[in-house]
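Chemist: Encoded as structure tokens, here's the structure I'll be asking about.
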Amino acid sequence: MKAVWNDVIIAKSFETIIVEGNHYFPIDSVNSQLLQNSQTTTFCPWKGTANYYNICIKGETNPDAAWYYPETKEAAKEIKGRVAFWKGVQVVE
């Protein structure tokens with residue numbers, strides 16, 4: 001699977017985990033140079049608190065377009081340390 005935005009591959013992996021229709025990529029498959037920490041957080045009752053990244057490519061920023069769970073609840077431990085995408089980021093084979 002690949003995560004693509006602004007014609008640039010942000011992440012690529014054969015080992016994504018799908019949860020609620022979202023592909024979670026291993027952190028080492030993500031180009032961290034394209035990510036910028038965001039102050040945004042959200043809470044999921046069964047996964048825990050999500051932190052967000054802004055994606056910055058070619059002088060454009062897609063705010064809060066990637067998220068991850070630095071710590072998860074027990075039910076979501078398989079996605080700890082993984083990154084998922086939305087807000088126009090295409091996840092394709």
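Residue numbering restarts at 1 in every chain; chains get A, B, ... in the order shown in the structure tokens, and ligands count up from 1 in that same order.
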Among chain A, which ones does DSSP assign to strand (DSSP E) (computed from the backbone)? Answer as a PyMOL selection string.

Modeler: chain A and resi 2-5+8-12+17-19+22-26+35-44+48-57+60-68+82-85+90-92

Chemist: DSSP on the backbone, then: every residue of chain A marked helix (DSSP H, G or I), written as a VMD selection string.

Modeler: chain A and resid 27 to 29 32 to 34 74 to 79

Chemist: How many Å lie between CA of Gln33 in chain A and CA of Ser13 in chain A, rounded to one decimal?

Modeler: 16.9 Å

Chemist: Return the single residue from A:Thr16, A:Thr40, A:Asn54, A:Thr49 that is closest to Tyr69 in chain A, with distances computed using only C-alpha atoms.

Modeler: A:Thr49

Chemist: Can you tell me which residues surround Pro70 in chain A at a distance of at most 8 Å, considering only C-alpha atoms, apart from same-chain residues fewer than 4 positions away, and format the answer as a PyMOL selection string?

Modeler: chain A and resi 49-51+80-81

Chemist: Those residues with C-alpha atoms, as an mmCIF file, in the first residue's frame please?

Modeler:
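Generated file (again.cif):
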data_model
loop_
_atom_site.group_PDB
_atom_site.id
_atom_site.type_symbol
_atom_site.label_atom_id
_atom_site.label_comp_id
_atom_site.auth_asym_id
_atom_site.auth_seq_id
_atom_site.Cartn_x
_atom_site.Cartn_y
_atom_site.Cartn_z
ATOM 1 C CA THR A 49 -5.727 9.568 22.362
ATOM 2 C CA ALA A 50 -4.605 10.232 18.786
ATOM 3 C CA ASN A 51 -1.939 12.777 17.920
ATOM 4 C CA LYS A 80 0.635 1.571 18.404
ATOM 5 C CA GLY A 81 3.495 3.239 16.553
#

Chemist: Which residues are close to range 36-38 of chain A, i.e. within 7 Å by only C-alpha atoms, leaving aside same-chain residues fewer than 2 positions away? Reply as a list in words.

Modeler: Leu34, Thr40, Tyr52, Tyr53, Asn54, Ile55 and Asp64 of chain A

Chemist: List the neighbours of range 17-20 of chain A out to 12 Å using only C-alpha atoms; skip same-chain residues closer than 2 positions along the sequence, and give me the result as a list in words.

Modeler: Met1, Ser13, Phe14, Glu15, Asn22, His23, Tyr24, Phe25, Pro26, Ile27, Trp46, Lys47, Ala75, Ala76, Lys77, Glu78, Ile79, Lys80, Gly81, Arg82, Val83, Ala84, Phe85 and Val91 of chain A

Chemist: For the residues selected in the previous step, produce a file with C-alpha atoms as a PDB file, in the first residue's frame.

Modeler:
ATOM      1  CA  MET A   1       0.000   0.000   0.000  1.00  0.00           C
ATOM      2  CA  SER A  13       4.418  -0.772   3.030  1.00  0.00           C
ATOM      3  CA  PHE A  14       3.270  -4.340   2.478  1.00  0.00           C
ATOM      4  CA  GLU A  15       2.472  -4.539   6.206  1.00  0.00           C
ATOM      5  CA  ASN A  22      -8.040   2.945   7.619  1.00  0.00           C
ATOM      6  CA  HIS A  23      -4.620   1.551   6.714  1.00  0.00           C
ATOM      7  CA  TYR A  24      -2.124   2.034   9.520  1.00  0.00           C
ATOM      8  CA  PHE A  25       1.442   2.122   8.184  1.00  0.00           C
ATOM      9  CA  PRO A  26       4.502   1.142  10.234  1.00  0.00           C
ATOM     10  CA  ILE A  27       6.271   4.336  11.291  1.00  0.00           C
ATOM     11  CA  TRP A  46     -11.440   2.052  22.543  1.00  0.00           C
ATOM     12  CA  LYS A  47      -8.148   3.208  20.946  1.00  0.00           C
ATOM     13  CA  ALA A  75      -7.899  -3.330  22.349  1.00  0.00           C
ATOM     14  CA  ALA A  76      -5.867  -1.260  19.866  1.00  0.00           C
ATOM     15  CA  LYS A  77      -2.321  -2.311  20.737  1.00  0.00           C
ATOM     16  CA  GLU A  78      -1.691  -3.547  17.173  1.00  0.00           C
ATOM     17  CA  ILE A  79      -1.721   0.043  15.834  1.00  0.00           C
ATOM     18  CA  LYS A  80       0.635   1.571  18.404  1.00  0.00           C
ATOM     19  CA  GLY A  81       3.495   3.239  16.553  1.00  0.00           C
ATOM     20  CA  ARG A  82       1.643   3.251  13.217  1.00  0.00           C
ATOM     21  CA  VAL A  83       0.393   6.151  11.110  1.00  0.00           C
ATOM     22  CA  ALA A  84      -2.899   6.507   9.206  1.00  0.00           C
ATOM     23  CA  PHE A  85      -3.970   9.155   6.689  1.00  0.00           C
ATOM     24  CA  VAL A  91      -4.120   5.147   0.050  1.00  0.00           C
TER      25      VAL A  91
END

Chemist: Just the number, please: distance in Å from CA of Gln39 in chain A to CA of Glu71 in chain A, one decimal.

Modeler: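 Computing the Euclidean distance for CA of Gln39 in chain A and CA of Glu71 in chain A yields 16.2 Å.
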
Chemist: Out of A:Ser29, A:Lys73, A:Thr61, A:Tyr68, which residue has the shortest atom-to-atom distance to Thr42 in chain A when counting only C-alpha atoms?

Modeler: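 Looking only at the distances to Thr42 in chain A, the closest residue turns out to be A:Tyr68.
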
Chemist: Between A:Ser32, A:Phe43, A:Glu60, A:Gly21, which is the closest to Asn6 in chain A once you count only C-alpha atoms?

Modeler: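 Using only C-alpha atoms, the shortest distance to Asn6 in chain A belongs to A:Glu60.
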
Chemist: When you look at Gln90 in chain A with a cut-off of 7 Å (counting only C-alpha atoms), what residues show up, excluding the ones that are within fewer than 4 positions of it in the same chain? I need them as a ChimeraX atom specification.

Modeler: /A:3-5

Chemist: Give the answer as one residue: which of A:Ala65, A:Val30, A:Ile57, A:Val92 has the shortest atom-to-atom distance to Asp7 in chain A, using only C-alpha atoms?

Modeler: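 Smallest separation from Asp7 in chain A among the options: A:Ile57.
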
Chemist: Which distance in Å separates CA of Cys44 in chain A and CA of Thr72 in chain A, to one decimal?

Modeler: 9.7 Å
